[in-house]
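Peer 1: A single structure is presented below for examination.
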There are 2 protein chains.
Amino acid sequence: MKIKEIGEFGLIGRIASGFRDLIPNGWEGIGDDCAVIPWGDDRSLLVTTDLLVENVHFLRERISAYELGAKSLAVNLSDIAAMGGRPAATFLSLGLPPGTTDTKWCDAFFDGYRSFGVPLLGGDTTSSPEGIVINITVLGTAGNSHIKRRNAARPGDRIVVTGPLGDSAGGLQAILQRLPTDTDTEELIRRHHRPRPHLAEGEWLGAQEAVHAMMDVSDGVASDLLHILRASSLAATVTIGDIPVSPLLERTADKYGWDARKLALTGGEDYVLLLTVDPARFDELQANFRRQFGRRLHVIGECAAGAPEIVYRGEEGQSARLMGFNHF
Amino acid sequence: MKIKEIGEFGLIGRIASGFRDLIPNGWEGIGDDCAVIPWGDDRSLLVTTDLLVENVHFLRERISAYELGAKSLAVNLSDIAAMGGRPAATFLSLGLPPGTTDTKWCDAFFDGYRSFGVPLLGGDTTSSPEGIVINITVLGTAGNSHIKRRNAARPGDRIVVTGPLGDSAGGLQAILQRLPTDTDTEELIRRHHRPRPHLAEGEWLGAQEAVHAMMDVSDGVASDLLHILRASSLAATVTIGDIPVSPLLERTADKYGWDARKLALTGGEDYVLLLTVDPARFDELQANFRRQFGRRLHVIGECAAGAPEIVYRGEEGQSARLMGFNHF
C-alpha cells in the first residue's frame with residue numbers, strides 16, 4: 001500500500017500504535033499539538049516539531065530568507081500557543097543545497113528566526129542535494145492546570161476562533177496564480193508568508209477555565225475541527241456565515257472569483273487558535289478577551305453529542321465532506 | 001560568501017552568536033553534544049537533534065528500511081550517551097517522496113526505530129519532492145553531577161575511546177567502491193549501517209568522577225577530539241599505534257590497500273565515546289569498566305597545556321592537519 005492511500009493521519013496513527021507501550025506514565029505523546037512531559041510538581045514541558053521542505057511548504061523564489069526564517073519558527077510556536085504554553089527553547093536543523101544559498105541568505109534567515117525573541121539552543125546543519133529542508137523543535141512550558149487539549153470539548157460548547165480565516169490561503173492563491181501585485185495581493189501574500197502565532201492569546205486562554213479544548217488552525221478549520229471532535233467524541237454544527245473573513249480577502253475573492261468562505265474553511269496555515277468554550281461563561285470570556293487584546297473572539301458554531309462530523313449551516317453546496325490539506 | 005567557505009562549524013558559530021543573549025540562566029545551548037535544560041533540583045534534560053538527508057547521509061538502495069530506522073535513532077541516542085544521560089523520549093519528522101516508499105517500507109523503518117525501546121512522543125510527516133528526509137530530536141535525562149561536557153578536559157588527562165575506530169568508514173568504503181560481498185565486507189557494511197550507540201557505557205561513565213570531558217565520535221576522532229581541545233583550551237598528543245582497529249578492518253584494509261589507521265582517525269560514524277580521564281584514577285576506572293562491560297577502554301593519547309592542536313606520534317606522514325568530515 002502506498003503512503004498516499006493511508007494519508008498523513010493514517011501514517012501517524014500507524015506509527016503511534018507501535019510505541020504506546022513505551023511511553024512513561026504521565027507523559028503524553030502523539031494526538032495533541034504538543035507532547036507533554038512532567039517538569040517539576042505543577043508544570044510541564046510542551047514539545048512540538050515540524051518539518052518544512054522546499055516546493056512542498058514554500059517556494060524559495062517567492063519567500064524571502066527573512067520571512068522563511070520567521071514563518072518556519074512561527075508554525076511551531078503556534079503549536080505551543082495552541083496548548084496554552086509559552087515557548088522556552090528551540091532547536092533547528094537546516095539542510096541547504098550547496099551553492100544555492102550564501103551566508104547573506106543565512107543571516108537574513110536567522111534574523112527572521114530571531115524575530116520572536118525565543119532562544120535557539122541547538123541544532124544540526126548539513127547539505128541537501130535538492131532543496132532547502134528545515135526542521136524545528138520547540139520546547140515550551142505551561143502550568144499543568146493551564147494545558148488545553150483536543151479531547152476536552154463538551155456538548156454545547158461554543159466553537160471559537162481567535163482571528164479571521166483564509167487570508168493565508170488567499171495569499172497562496174495569489175502566488176500560485178501569479179496575480180498582478182497590487183496593495184491587496186501583496187498584503188495577502190504577506191499574511192501567507194508572515195503568519196503571527198497567537199502566543200499571547202494562547203497563554204491567556206490557557207489560564208481561562210471557560211476554555212475547554214484548544215488547537216491551532218494549520219490545515220484548515222474544516223479539517224482541524226474534526227481532530228477536536230474525534231478526540232472529544234462529539235459532533236459539531238458550523239455556521240458558514242459566521243466564519244470570520246477579512247475585508248481584504250472578501251474584496252480580493254470578489255475580484256478574482258474565489259469562494260472566500262471555502263478558502264477560509266479549507267485553506268489552512270492561518271495559525272489562529274480554534275477553541276471550544278463553556279457556553280455559560282462565553283460572554284464573560286469575550287468581554288475579558290476584548291479588554292485584554294482589543295478585539296473579539298469569533299463564534300463559528302457549537303459542539304453537540306454525536307459521531308464526529310461537522311454539519312455546515314447556511315449555504316448550499318457545502319457539506320461535511322470538506323477536507324483540509326493532506327500532505328501526501 | 002558561500003556556506004562551503006565557512007563550513008558547517010563556521011555556520012553553527014555564526015548562528016549561535018546571534019542567540020546567546022536570549023538563553024535563560026542555567027540553560028546551555030550550542031557547543032556540546034546536547035543542550036542542557038534544568039529539570040527539577042538535581043537533574044537536567046538533555047536535548048539533541050540530527051537531520052539525515054538521502055544521498056548525503058545514506059543511499060536508499062544500499063540500506064534497508066529497518067537499518068535506516070535504527071541508525072537514524074542510534075546517531076541521536078549516541079549524543080545522549082556522550083553526555084552521560086539516558087534517553088527518555090524521541091520526536092521524528094519524516095519526509096517521504098511520493099510513490100517511492102510504501103507502508104511496508106515504513107513498517108520496517110519503524111521496527112528498526114523501535115529496536116532501542118525508546119518511546120516516540122511526537123513528530124511530523126510530509127512528502128518530500130526528491131529524497132527521504134529524517135529529523136530526530138531526542139530528550140534524555142541525567143543527574144546534574146553526572147553530565148559530562150567537552151570543556152572539562154585537563155592537562156595530563158588520558159584520551160580514551162570505548163571501542164574500535166574505522167569499521168564504519170571501512171563499511172562506507174566497501175559500499176562506495178562496490179566491493180564484492182564476502183563475510184568481511186558484509187560485516188563492515190553492517191557496522192556502518194547498524195552502529196551501536198554506547199548508551200550503557202555513557203551512562204556508567206557519566207557517574208564516574210575520574211571522567212572529565214566526553215563526547216561521541218561522529219565525524220572522526222581527529223576532528224572530534226579538536227572540539228574537546230578547543231572547548232578545554234588544551235593541546236593533545238595521539239599515538240597512532242594506539243588507535244584501536246578491529247582485526248576485521250585490519251584484514252580488509254590489507255586486502256584492498258586502504259590505510260586502516262587513517263580510516264580509524266578520520267572516517268567518522270563510529271559512535272563510540274571519546275573521553276578524557278584523570279591519569280591518577282585511570283587504572284581503577286579501567287578495572288571497573290572491564291568488570292562492568294567485559295572489555296577494556298583504549299588509551300590513544302593525552303592532553304597537555306597548549307593551543308588546541310593534535311600532535312600525532314609514531315608514524316610518518318600523519319599530521320595535525322588530518323581533518324574530519326565536513327558536511328558542506
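How things are named: the first chain in the C-alpha cells is A, the next is B, and so on; residues count from 1 in each chain; ligands count from 1 in the order shown.
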What are the residues of chain B that have an atom within 8 Å of an atom of chain A, counting only C-alpha atoms, as an NGL selection string?
Peer 2: :B and (1-4 or 8 or 11-12 or 15-16 or 19-20 or 22-23 or 28-30 or 34-35 or 39-40 or 48-51 or 53 or 55-56 or 89 or 91-95 or 98-99 or 101-104 or 110 or 114 or 117-130 or 135 or 137 or 327-328)
Peer 1: Can you list, as a VMD selection string, all residues belonging to stretch 63-235 of chain A that DSSP tags as alpha helix (DSSP H)?
Peer 2: chain A and resid 65 to 82 103 to 114 167 to 176 183 to 193 199 to 206 221 to 232
Peer 1: Write out as a PyMOL selection string the residues lying within 8 Å of stretch 223-239 of chain B, counting only C-alpha atoms and excluding same-chain residues fewer than 3 positions away.
Peer 2: chain B and resi 150-155+213-220+242-243+266+274+300-314+322-325
Peer 1: I'd like the contact shell of B:Arg281 - 12 Å cut-off, only C-alpha atoms, skipping same-chain residues fewer than 6 positions apart - returned as JSON, numbers by chain.
Peer 2: {"B": [156, 157, 158, 208, 209, 210, 211, 212, 287, 288]}
Peer 1: Can I get the selection written as a compact mmCIF listing (two decimals), in the first residue's frame, with C-alpha atoms?
Peer 2:
# COMPACT_ATOMS: atom_id res chain seq x y z
CA GLY B 156 47.64 15.32 31.66
CA ASP B 157 44.25 13.61 31.09
CA ARG B 158 44.36 10.28 29.26
CA GLN B 208 32.50 8.26 37.25
CA GLU B 209 34.28 11.30 38.68
CA ALA B 210 37.52 10.20 37.01
CA VAL B 211 35.95 11.01 33.64
CA HIS B 212 36.38 14.68 32.80
CA ALA B 287 39.39 -2.21 36.05
CA ASN B 288 35.83 -1.19 36.85
Peer 1: Taking only stretch 18-242 of chain A into account, list the residues labelled strand (DSSP E) by DSSP (computed from the backbone), as a ChimeraX atom specification.
Peer 2: /A:35-38,43-53,86-96,120-127,133-143,158-161,211-216,234-239
Peer 1: Record the distance separating atom CA of B:Lys71 and atom CA of B:Val277, expressed in Å with one decimal.
Peer 2: 28.6 Å
Peer 1: Using only C-alpha atoms, which of the listed residues (A:Leu199, A:Arg261, A:Leu248, A:Val160) sits closest to A:Asp278?
Peer 2: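 Closest to A:Asp278 of all the choices is A:Val160.
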